[in-house]
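Structure data follow from start11.pdb (PDB, C-alpha atoms):
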ATOM      1  CA  MET A   1      -5.915  -6.592  26.044
ATOM      2  CA  GLU A   2      -8.641  -9.165  25.787
ATOM      3  CA  THR A   3      -8.182 -12.626  24.311
ATOM      4  CA  LYS A   4     -11.079 -14.024  22.302
ATOM      5  CA  ARG A   5     -11.674 -17.594  21.233
ATOM      6  CA  PHE A   6     -13.324 -18.594  17.962
ATOM      7  CA  ASP A   7     -14.548 -21.818  16.436
ATOM      8  CA  LYS A   8     -13.898 -22.863  12.851
ATOM      9  CA  ASN A   9     -15.837 -20.706  10.360
ATOM     10  CA  GLU A  10     -16.809 -18.208  13.039
ATOM     11  CA  VAL A  11     -16.703 -14.621  11.768
ATOM     12  CA  ILE A  12     -14.341 -12.277  13.641
ATOM     13  CA  PHE A  13     -15.337  -9.160  11.727
ATOM     14  CA  ARG A  14     -17.150  -8.277   8.503
ATOM     15  CA  ARG A  15     -16.545  -5.756   5.762
ATOM     16  CA  ALA A  16     -17.960  -2.321   6.726
ATOM     17  CA  ASP A  17     -17.751  -3.030  10.486
ATOM     18  CA  LEU A  18     -16.198  -0.222  12.526
ATOM     19  CA  ALA A  19     -12.555  -0.935  13.333
ATOM     20  CA  MET A  20     -12.052  -0.662  17.081
ATOM     21  CA  THR A  21      -9.129  -3.028  17.530
ATOM     22  CA  MET A  22      -6.354  -4.867  15.751
ATOM     23  CA  TYR A  23      -5.687  -8.522  16.432
ATOM     24  CA  GLU A  24      -2.681 -10.678  17.202
ATOM     25  CA  ILE A  25      -3.127 -14.405  16.655
ATOM     26  CA  GLU A  26      -2.066 -16.515  19.635
ATOM     27  CA  SER A  27      -3.132 -19.880  18.214
ATOM     28  CA  GLY A  28      -5.020 -21.281  15.249
ATOM     29  CA  ALA A  29      -5.513 -19.525  11.917
ATOM     30  CA  VAL A  30      -7.518 -16.661  10.446
ATOM     31  CA  GLY A  31      -8.606 -16.247   6.820
ATOM     32  CA  ILE A  32      -9.317 -12.919   5.171
ATOM     33  CA  TYR A  33     -12.050 -13.044   2.512
ATOM     34  CA  ALA A  34     -14.074 -10.836   0.249
ATOM     35  CA  TRP A  35     -17.814 -11.749   0.332
ATOM     36  CA  TYR A  36     -17.340 -14.626   2.802
ATOM     37  CA  GLY A  37     -20.164 -17.109   2.760
ATOM     38  CA  THR A  38     -21.557 -15.991  -0.587
ATOM     39  CA  GLU A  39     -21.163 -17.522  -4.044
ATOM     40  CA  THR A  40     -18.506 -14.910  -4.892
ATOM     41  CA  GLU A  41     -16.420 -15.679  -1.804
ATOM     42  CA  THR A  42     -12.789 -14.863  -2.576
ATOM     43  CA  HIS A  43      -9.860 -15.783  -0.355
ATOM     44  CA  ILE A  44      -7.386 -12.938   0.130
ATOM     45  CA  ALA A  45      -4.918 -14.081   2.821
ATOM     46  CA  THR A  46      -4.315 -16.488   5.718
ATOM     47  CA  PHE A  47      -2.636 -15.561   9.010
ATOM     48  CA  GLY A  48      -1.191 -17.766  11.760
ATOM     49  CA  PRO A  49       0.236 -17.510  15.296
ATOM     50  CA  GLY A  50       2.255 -14.343  15.836
ATOM     51  CA  ASP A  51       0.657 -12.531  12.888
ATOM     52  CA  VAL A  52      -1.193  -9.261  13.282
ATOM     53  CA  PHE A  53      -4.237  -8.324  11.214
ATOM     54  CA  GLY A  54      -6.832  -5.551  11.180
ATOM     55  CA  GLU A  55      -4.166  -2.921  11.803
ATOM     56  CA  VAL A  56      -4.741  -0.801   8.692
ATOM     57  CA  GLU A  57      -8.372   0.077   9.382
ATOM     58  CA  LEU A  58      -7.654   0.740  13.052
ATOM     59  CA  ILE A  59      -4.823   3.122  12.207
ATOM     60  CA  GLU A  60      -6.803   4.794   9.429
ATOM     61  CA  SER A  61     -10.040   4.898  11.477
ATOM     62  CA  CYS A  62     -12.029   3.500   8.584
ATOM     63  CA  PRO A  63     -14.471   0.592   8.178
ATOM     64  CA  ARG A  64     -13.210  -2.951   7.613
ATOM     65  CA  ALA A  65     -12.424  -3.637   3.971
ATOM     66  CA  ALA A  66     -12.887  -7.423   4.146
ATOM     67  CA  ASP A  67     -14.188 -10.308   6.285
ATOM     68  CA  ALA A  68     -12.026 -12.129   8.851
ATOM     69  CA  VAL A  69     -12.938 -15.707   9.749
ATOM     70  CA  ALA A  70     -11.409 -18.270  12.127
ATOM     71  CA  LEU A  71     -10.168 -21.292  10.169
ATOM     72  CA  GLU A  72      -9.681 -23.673  13.099
ATOM     73  CA  ASP A  73     -11.523 -24.586  16.274
ATOM     74  CA  GLY A  74      -9.986 -22.911  19.309
ATOM     75  CA  THR A  75      -8.469 -20.053  17.316
ATOM     76  CA  GLU A  76      -7.354 -17.483  19.886
ATOM     77  CA  VAL A  77      -6.773 -13.838  19.060
ATOM     78  CA  ARG A  78      -5.672 -11.002  21.326
ATOM     79  CA  GLU A  79      -7.468  -7.712  20.776
ATOM     80  CA  ILE A  80      -5.269  -4.620  20.827
ATOM     81  CA  SER A  81      -6.957  -1.231  21.118
ATOM     82  CA  ARG A  82      -5.604   1.978  19.651
ATOM     83  CA  GLU A  83      -4.312   3.129  23.047
ATOM     84  CA  GLU A  84      -2.614  -0.209  23.708
ATOM     85  CA  PHE A  85      -1.035  -0.055  20.270
ATOM     86  CA  ALA A  86       0.293   3.450  20.969
ATOM     87  CA  ASP A  87       2.015   2.026  24.076
ATOM     88  CA  CYS A  88       3.663  -0.623  21.891
ATOM     89  CA  PHE A  89       5.917   2.014  20.341
ATOM     90  CA  GLN A  90       7.729   2.446  23.659
ATOM     91  CA  ASP A  91       7.261  -1.026  25.153
ATOM     92  CA  GLN A  92       7.472  -3.323  22.142
ATOM     93  CA  PRO A  93       9.132  -1.482  19.246
ATOM     94  CA  GLU A  94       9.944  -4.821  17.580
ATOM     95  CA  LYS A  95       6.253  -5.521  17.187
ATOM     96  CA  VAL A  96       5.642  -2.076  15.681
ATOM     97  CA  LEU A  97       8.583  -2.563  13.346
ATOM     98  CA  ALA A  98       7.129  -5.891  12.184
ATOM     99  CA  ILE A  99       3.774  -4.224  11.488
ATOM    100  CA  MET A 100       5.438  -1.398   9.561
ATOM    101  CA  ARG A 101       7.356  -3.903   7.473
ATOM    102  CA  GLN A 102       4.174  -5.821   6.753
ATOM    103  CA  VAL A 103       2.260  -2.729   5.635
ATOM    104  CA  SER A 104       5.208  -1.514   3.567
ATOM    105  CA  ARG A 105       5.464  -4.905   1.843
ATOM    106  CA  ARG A 106       1.737  -4.839   1.071
ATOM    107  CA  VAL A 107       2.053  -1.335  -0.412
ATOM    108  CA  ARG A 108       4.811  -2.617  -2.654
ATOM    109  CA  GLU A 109       2.855  -5.704  -3.757
ATOM    110  CA  THR A 110      -0.342  -3.752  -4.388
ATOM    111  CA  THR A 111       1.583  -1.118  -6.356
ATOM    112  CA  ARG A 112       3.022  -3.898  -8.503
ATOM    113  CA  SER A 113      -0.445  -5.334  -9.179
ATOM    114  CA  TYR A 114      -1.732  -1.871  -9.973
ATOM    115  CA  LEU A 115       1.085  -1.177 -12.454
ATOM    116  CA  GLU A 116       0.576  -4.582 -14.090
ATOM    117  CA  ALA A 117      -3.093  -3.770 -14.557
ATOM    118  CA  CYS A 118      -2.276  -0.343 -16.000
ATOM    119  CA  ARG A 119       0.290  -1.873 -18.338
ATOM    120  CA  ALA A 120      -2.184  -4.456 -19.611
ATOM    121  CA  VAL A 121      -4.690  -1.673 -20.376
ATOM    122  CA  CYS A 122      -1.992   0.436 -22.021
ATOM    123  CA  GLU A 123      -0.866  -2.476 -24.209
ATOM    124  CA  LYS A 124      -4.442  -3.121 -25.286
ATOM    125  CA  VAL A 125      -4.867   0.512 -26.341
ATOM    126  CA  GLU A 126      -1.494   0.635 -28.105
ATOM    127  CA  THR A 127      -2.230  -2.597 -29.951
ATOM    128  CA  GLU A 128      -5.390  -1.046 -31.340
ATOM    129  CA  GLU A 129      -3.596   2.178 -32.194
ATOM    130  CA  ARG A 130      -1.180   0.116 -34.285
ATOM    131  CA  GLY A 131      -4.196  -1.195 -36.190
ATOM    132  CA  GLU A 132      -4.061  -4.706 -34.705
ATOM    133  CA  LYS A 133      -7.056  -6.341 -33.098
ATOM    134  CA  ASP A 134      -7.142  -7.100 -29.373
ATOM    135  CA  SER A 135     -10.071  -7.918 -27.126
ATOM    136  CA  TRP A 136     -10.824  -6.625 -23.638
ATOM    137  CA  LEU A 137     -11.537 -10.266 -22.873
ATOM    138  CA  SER A 138      -8.113 -11.529 -23.923
ATOM    139  CA  GLU A 139      -5.872 -13.598 -21.666
ATOM    140  CA  HIS A 140      -3.525 -10.858 -20.464
ATOM    141  CA  LEU A 141      -6.494  -8.872 -19.122
ATOM    142  CA  SER A 142      -8.447 -11.804 -17.708
ATOM    143  CA  ILE A 143      -7.292 -11.583 -14.087
ATOM    144  CA  PHE A 144      -8.329  -7.918 -13.918
ATOM    145  CA  TYR A 145     -11.603  -8.633 -15.705
ATOM    146  CA  LYS A 146     -12.458 -11.296 -13.123
ATOM    147  CA  ILE A 147     -11.768  -8.964 -10.210
ATOM    148  CA  GLY A 148     -13.770  -6.179 -11.874
ATOM    149  CA  ARG A 149     -16.669  -8.550 -12.393
ATOM    150  CA  LEU A 150     -16.675  -9.596  -8.716
ATOM    151  CA  LEU A 151     -16.710  -5.961  -7.653
ATOM    152  CA  LYS A 152     -19.768  -5.241  -9.758
ATOM    153  CA  LYS A 153     -21.884  -7.821  -7.923
TER     154      LYS A 153
ATOM    155  CA  MET B   1      21.365   9.516  14.989
ATOM    156  CA  GLU B   2      23.552  11.250  12.468
ATOM    157  CA  LEU B   3      22.907  14.754  11.202
ATOM    158  CA  LYS B   4      23.743  15.542   7.601
ATOM    159  CA  ARG B   5      24.075  18.950   6.021
ATOM    160  CA  CYS B   6      23.472  19.441   2.288
ATOM    161  CA  ARG B   7      24.256  21.986  -0.373
ATOM    162  CA  LYS B   8      21.542  23.193  -2.698
ATOM    163  CA  GLY B   9      21.282  20.711  -5.579
ATOM    164  CA  GLU B  10      22.996  17.895  -3.690
ATOM    165  CA  VAL B  11      21.561  14.451  -4.382
ATOM    166  CA  ILE B  12      20.586  12.829  -1.085
ATOM    167  CA  ILE B  13      19.320   9.496  -2.407
ATOM    168  CA  ARG B  14      19.385   8.298  -5.986
ATOM    169  CA  GLN B  15      16.693   6.244  -7.724
ATOM    170  CA  GLY B  16      17.875   2.625  -7.983
ATOM    171  CA  ASP B  17      20.535   2.842  -5.261
ATOM    172  CA  PRO B  18      20.177   0.467  -2.294
ATOM    173  CA  GLY B  19      17.808   1.924   0.313
ATOM    174  CA  GLU B  20      19.462   1.928   3.699
ATOM    175  CA  CYS B  21      18.280   4.940   5.636
ATOM    176  CA  MET B  22      15.273   7.027   6.361
ATOM    177  CA  TYR B  23      15.729  10.797   6.371
ATOM    178  CA  SER B  24      13.874  13.478   8.289
ATOM    179  CA  ILE B  25      14.245  17.109   7.237
ATOM    180  CA  ARG B  26      15.258  19.150  10.267
ATOM    181  CA  TRP B  27      15.538  22.342   8.296
ATOM    182  CA  GLY B  28      15.500  23.326   4.642
ATOM    183  CA  GLY B  29      13.895  21.553   1.745
ATOM    184  CA  ALA B  30      14.107  18.760  -0.778
ATOM    185  CA  ALA B  31      12.475  17.789  -4.052
ATOM    186  CA  VAL B  32      11.542  14.264  -5.123
ATOM    187  CA  TYR B  33      12.111  13.309  -8.749
ATOM    188  CA  SER B  34      11.482  10.396 -11.041
ATOM    189  CA  ARG B  35      14.242   9.833 -13.661
ATOM    190  CA  TYR B  36      16.268  12.777 -12.383
ATOM    191  CA  GLY B  37      18.770  14.143 -14.825
ATOM    192  CA  THR B  38      17.134  12.593 -17.886
ATOM    193  CA  PRO B  39      14.798  14.131 -20.488
ATOM    194  CA  GLU B  40      11.923  12.268 -18.776
ATOM    195  CA  GLU B  41      12.687  13.896 -15.413
ATOM    196  CA  ARG B  42       9.517  14.583 -13.458
ATOM    197  CA  LYS B  43       9.142  16.282 -10.084
ATOM    198  CA  LEU B  44       6.911  14.206  -7.832
ATOM    199  CA  ALA B  45       6.862  16.257  -4.632
ATOM    200  CA  GLU B  46       8.409  19.037  -2.604
ATOM    201  CA  LEU B  47       9.338  18.365   1.021
ATOM    202  CA  GLY B  48       9.992  20.734   3.911
ATOM    203  CA  ASP B  49      10.636  20.860   7.652
ATOM    204  CA  SER B  50       9.791  17.636   9.509
ATOM    205  CA  ASP B  51       8.945  15.760   6.298
ATOM    206  CA  PHE B  52      10.612  12.387   5.907
ATOM    207  CA  PHE B  53      11.496  10.029   3.089
ATOM    208  CA  GLY B  54      13.168   6.681   2.520
ATOM    209  CA  GLU B  55      11.069   4.850   5.092
ATOM    210  CA  MET B  56       9.799   2.140   2.760
ATOM    211  CA  GLU B  57      13.271   1.446   1.435
ATOM    212  CA  LEU B  58      14.563   1.093   4.987
ATOM    213  CA  LEU B  59      11.718  -1.222   6.024
ATOM    214  CA  ASP B  60      11.807  -3.443   2.925
ATOM    215  CA  HIS B  61      15.463  -3.153   1.909
ATOM    216  CA  THR B  62      14.456  -2.269  -1.617
ATOM    217  CA  PRO B  63      16.209   0.152  -3.972
ATOM    218  CA  CYS B  64      15.280   3.815  -3.779
ATOM    219  CA  SER B  65      12.136   4.420  -5.804
ATOM    220  CA  ALA B  66      12.981   8.067  -6.517
ATOM    221  CA  THR B  67      15.813  10.602  -6.407
ATOM    222  CA  VAL B  68      15.692  13.227  -3.666
ATOM    223  CA  VAL B  69      17.631  16.474  -4.063
ATOM    224  CA  ALA B  70      18.240  19.216  -1.476
ATOM    225  CA  THR B  71      16.676  22.507  -2.560
ATOM    226  CA  ALA B  72      18.306  24.873  -0.075
ATOM    227  CA  ASP B  73      21.871  25.452   1.067
ATOM    228  CA  GLY B  74      22.382  24.162   4.580
ATOM    229  CA  THR B  75      19.456  21.747   4.424
ATOM    230  CA  GLN B  76      19.801  19.656   7.578
ATOM    231  CA  LEU B  77      18.725  16.035   7.685
ATOM    232  CA  GLU B  78      18.402  13.469  10.449
ATOM    233  CA  VAL B  79      19.724  10.186   9.104
ATOM    234  CA  ILE B  80      17.990   7.158  10.621
ATOM    235  CA  THR B  81      19.578   3.797   9.885
ATOM    236  CA  GLU B  82      18.013   0.436  10.601
ATOM    237  CA  GLU B  83      19.967   0.226  13.855
ATOM    238  CA  ASP B  84      18.605   3.631  14.869
ATOM    239  CA  PHE B  85      15.072   2.749  13.872
ATOM    240  CA  ARG B  86      14.066   0.866  17.006
ATOM    241  CA  GLU B  87      15.313   3.746  19.120
ATOM    242  CA  PHE B  88      13.430   6.112  16.855
ATOM    243  CA  LEU B  89      10.200   4.189  17.592
ATOM    244  CA  THR B  90      10.657   4.553  21.346
ATOM    245  CA  ARG B  91      12.031   8.110  21.337
ATOM    246  CA  GLN B  92       9.696   9.650  18.765
ATOM    247  CA  PRO B  93       6.533   7.522  18.877
ATOM    248  CA  ALA B  94       4.261  10.272  17.535
ATOM    249  CA  LYS B  95       6.402  10.724  14.430
ATOM    250  CA  ALA B  96       6.714   6.965  13.982
ATOM    251  CA  TYR B  97       2.946   6.601  14.303
ATOM    252  CA  PHE B  98       2.534   9.241  11.631
ATOM    253  CA  ILE B  99       4.849   7.290   9.319
ATOM    254  CA  LEU B 100       2.800   4.156   9.886
ATOM    255  CA  GLN B 101      -0.413   6.100   9.258
ATOM    256  CA  ARG B 102       0.981   7.342   5.987
ATOM    257  CA  LEU B 103       1.900   3.794   4.952
ATOM    258  CA  CYS B 104      -1.612   2.589   5.757
ATOM    259  CA  HIS B 105      -3.112   5.446   3.799
ATOM    260  CA  LYS B 106      -0.874   4.618   0.832
ATOM    261  CA  LEU B 107      -2.004   0.999   1.019
ATOM    262  CA  ARG B 108      -5.669   1.932   0.983
ATOM    263  CA  LYS B 109      -5.230   4.396  -1.867
ATOM    264  CA  THR B 110      -3.186   1.998  -4.004
ATOM    265  CA  THR B 111      -5.729  -0.765  -3.388
ATOM    266  CA  GLN B 112      -8.550   1.542  -4.505
ATOM    267  CA  ASP B 113      -6.599   2.591  -7.611
ATOM    268  CA  TYR B 114      -6.007  -1.074  -8.484
ATOM    269  CA  LEU B 115      -9.646  -2.022  -8.025
ATOM    270  CA  ASN B 116     -10.708   0.941 -10.184
ATOM    271  CA  VAL B 117      -8.529  -0.305 -13.038
ATOM    272  CA  CYS B 118     -10.143  -3.745 -12.692
ATOM    273  CA  ARG B 119     -13.615  -2.170 -12.823
ATOM    274  CA  THR B 120     -12.633  -0.260 -15.955
ATOM    275  CA  VAL B 121     -11.403  -3.428 -17.675
ATOM    276  CA  TYR B 122     -14.649  -5.193 -16.785
ATOM    277  CA  GLU B 123     -16.820  -2.347 -18.083
ATOM    278  CA  ALA B 124     -14.876  -2.094 -21.336
ATOM    279  CA  ALA B 125     -15.148  -5.864 -21.795
ATOM    280  CA  GLU B 126     -18.902  -5.768 -21.184
ATOM    281  CA  ASP B 127     -19.328  -2.991 -23.735
ATOM    282  CA  GLU B 128     -17.320  -5.012 -26.235
ATOM    283  CA  LYS B 129     -19.302  -8.202 -25.514
ATOM    284  CA  ASN B 130     -22.612  -6.407 -25.959
ATOM    285  CA  ASP B 131     -21.442  -4.378 -28.936
ATOM    286  CA  ARG B 132     -22.042  -1.145 -27.041
ATOM    287  CA  LYS B 133     -20.227   2.115 -27.592
ATOM    288  CA  GLN B 134     -17.999   3.125 -24.678
ATOM    289  CA  SER B 135     -19.256   6.064 -22.657
ATOM    290  CA  ALA B 136     -17.164   9.246 -22.641
ATOM    291  CA  GLU B 137     -16.522   8.628 -18.963
ATOM    292  CA  LEU B 138     -15.125   5.156 -19.650
ATOM    293  CA  GLU B 139     -12.963   6.459 -22.490
ATOM    294  CA  ARG B 140     -11.568   9.116 -20.133
ATOM    295  CA  GLY B 141     -10.934   6.479 -17.485
ATOM    296  CA  ILE B 142      -8.971   4.337 -19.960
ATOM    297  CA  ALA B 143      -6.950   7.353 -21.111
ATOM    298  CA  ASP B 144      -6.158   8.240 -17.473
ATOM    299  CA  ILE B 145      -4.908   4.699 -16.823
ATOM    300  CA  CYS B 146      -2.599   4.826 -19.856
ATOM    301  CA  ALA B 147      -1.283   8.226 -18.803
ATOM    302  CA  ALA B 148      -0.667   6.998 -15.251
ATOM    303  CA  TYR B 149       1.240   3.971 -16.532
ATOM    304  CA  ARG B 150       3.451   5.955 -18.896
ATOM    305  CA  GLU B 151       4.357   8.347 -16.102
ATOM    306  CA  GLN B 152       5.164   5.734 -13.492
ATOM    307  CA  ALA B 153       6.772   2.898 -15.400
TER     308      ALA B 153
END

Output the file's structure in the form of structure tokens.
Amino acid sequence: METKRFDKNEVIFRRADLAMTMYEIESGAVGIYAWYGTETETHIATFGPGDVFGEVELIESCPRAADAVALEDGTEVREISREEFADCFQDQPEKVLAIMRQVSRRVRETTRSYLEACRAVCEKVETEERGEKDSWLSEHLSIFYKIGRLLKK
Amino acid sequence: MELKRCRKGEVIIRQGDPGECMYSIRWGGAAVYSRYGTPEERKLAELGDSDFFGEMELLDHTPCSATVVATADGTQLEVITEEDFREFLTRQPAKAYFILQRLCHKLRKTTQDYLNVCRTVYEAAEDEKNDRKQSAELERGIADICAAYREQA
């Protein structure tokens, strides 16, 4: 388990990088972004001491989905490999439980966002079927439009 | 860890009830339903030996998202409460890892589904802005989203 130190705005990993470890923050803060450092930079989440990030791609053996950047000078993160994580089940079940809770919570939140988006689309279609006018650019669809537009760039 | 034996047709967990335990099928089978016992009843999945359910409800303390019914007489379940869960992590790490893997996979899939809806909204809005006719593919995509919403909500 190696500890790495990062300065403010230093990139820890980038979208599409291979996921070889997960990270536990010992001090400082880490921001997760889409398109970090570009004009469409979008903040997704911030993590602090005790938080774990990068676990999903490690467990799924898939490329990183977003960019991770240190937000403070002297940000220290501990790297945890897949083998070390497997040992955690026996040695530190509390840590594994916390990670499972975190992933489960994110599934729930993402499912909610997904259903809200589907509902907004459904309402738009039903409004038109009733003969009323509604625009794909209207307010209730705007948050999804903005995300869709960012994805197209 | 408690063992529970079920009759065919017995309801193990009911949609909307508080989620307190995870269940692992030792022997037999179970079926997962949405809106069980109503005209809108829909079977979501069939489970067999060594399948598990209820893990997200246990982790997040949220109500059961579906009803699960035993499909064979003598179906035997391992009942894992929150108190048991830490022991479960240390005693059956491979199974616990598999549960976590499944959660991560669900998160990735739900995220992709959400982003696809956002892309669809953006494309439809662009067509509308530019007075373009929607492609057949886009129309199908919108219809799929509406169908998905009506099924799940």

| Any idea what's packed within 12 Å of segment 25-35 of chain A, counting only C-alpha atoms, ignoring anything in its chain fewer than 4 positions away? Could you give it as a VMD selection string? | chain A and resid 2 to 16 39 to 54 64 to 80 147 150 to 151 153

| Interface residues on chain B facing chain A, 9 Å, all atoms listed in the file, written as a PyMOL selection string | chain B and resi 55-57+59-60+85-87+89-94+96-97+99-108+110-111+113-126+128-129+142-143+145-150+152-153

| request: Give me, please, the distance in Å between atom CA of Asp17 of chain B and atom CA of Gln112 of chain B, quoted to one decimal. | output: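 Interatomic distance, atom CA of Asp17 of chain B to atom CA of Gln112 of chain B: 29.1 Å.
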
| task | Skip segment 37-51 of chain B itself and residues of its chain fewer than 3 positions away, then list as an MDAnalysis selection string all residues within 9 Å of it, counting all atoms listed in the file. | result | chainID B and resid 23:34 66 71 151

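Atom pair atom CA of Cys6 of chain B / atom CA of Thr62 of chain B: separated by 23.8 Å.
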
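Interatomic distance, atom CA of Glu83 of chain A to atom CA of Thr21 of chain A: 9.6 Å.
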
Give the padded box for segment 23-35 of chain A as JSON: axis-aligned, covering all atoms listed in the file, 6 Å on each side, centre and edge lengths in Å to one decimal.
{"center_x": -9.9, "center_y": -14.9, "center_z": 9.9, "size_x": 27.7, "size_y": 24.8, "size_z": 31.4}

| task | I would like the residues chosen by the PyMOL selection byres ((chain B and resi 11) around 10) on the shown file; could you give them as a VMD selection string? | result | chain B and resid 6 to 10 12 to 14 30 to 31 36 67 to 71

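For the file at hand, the PyMOL selection byres ((chain B and resi 16) around 7) resolves to Arg14, Gln15, Asp17, Pro18, Pro63, Cys64 and Ser65 of chain B.
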
| Which is closest to Gly74 of chain B among B:Leu3, B:Leu58, B:Cys21, B:Arg140, if we use all atoms listed in the file? |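 That would be B:Leu3, the residue with the smallest distance to Gly74 of chain B.
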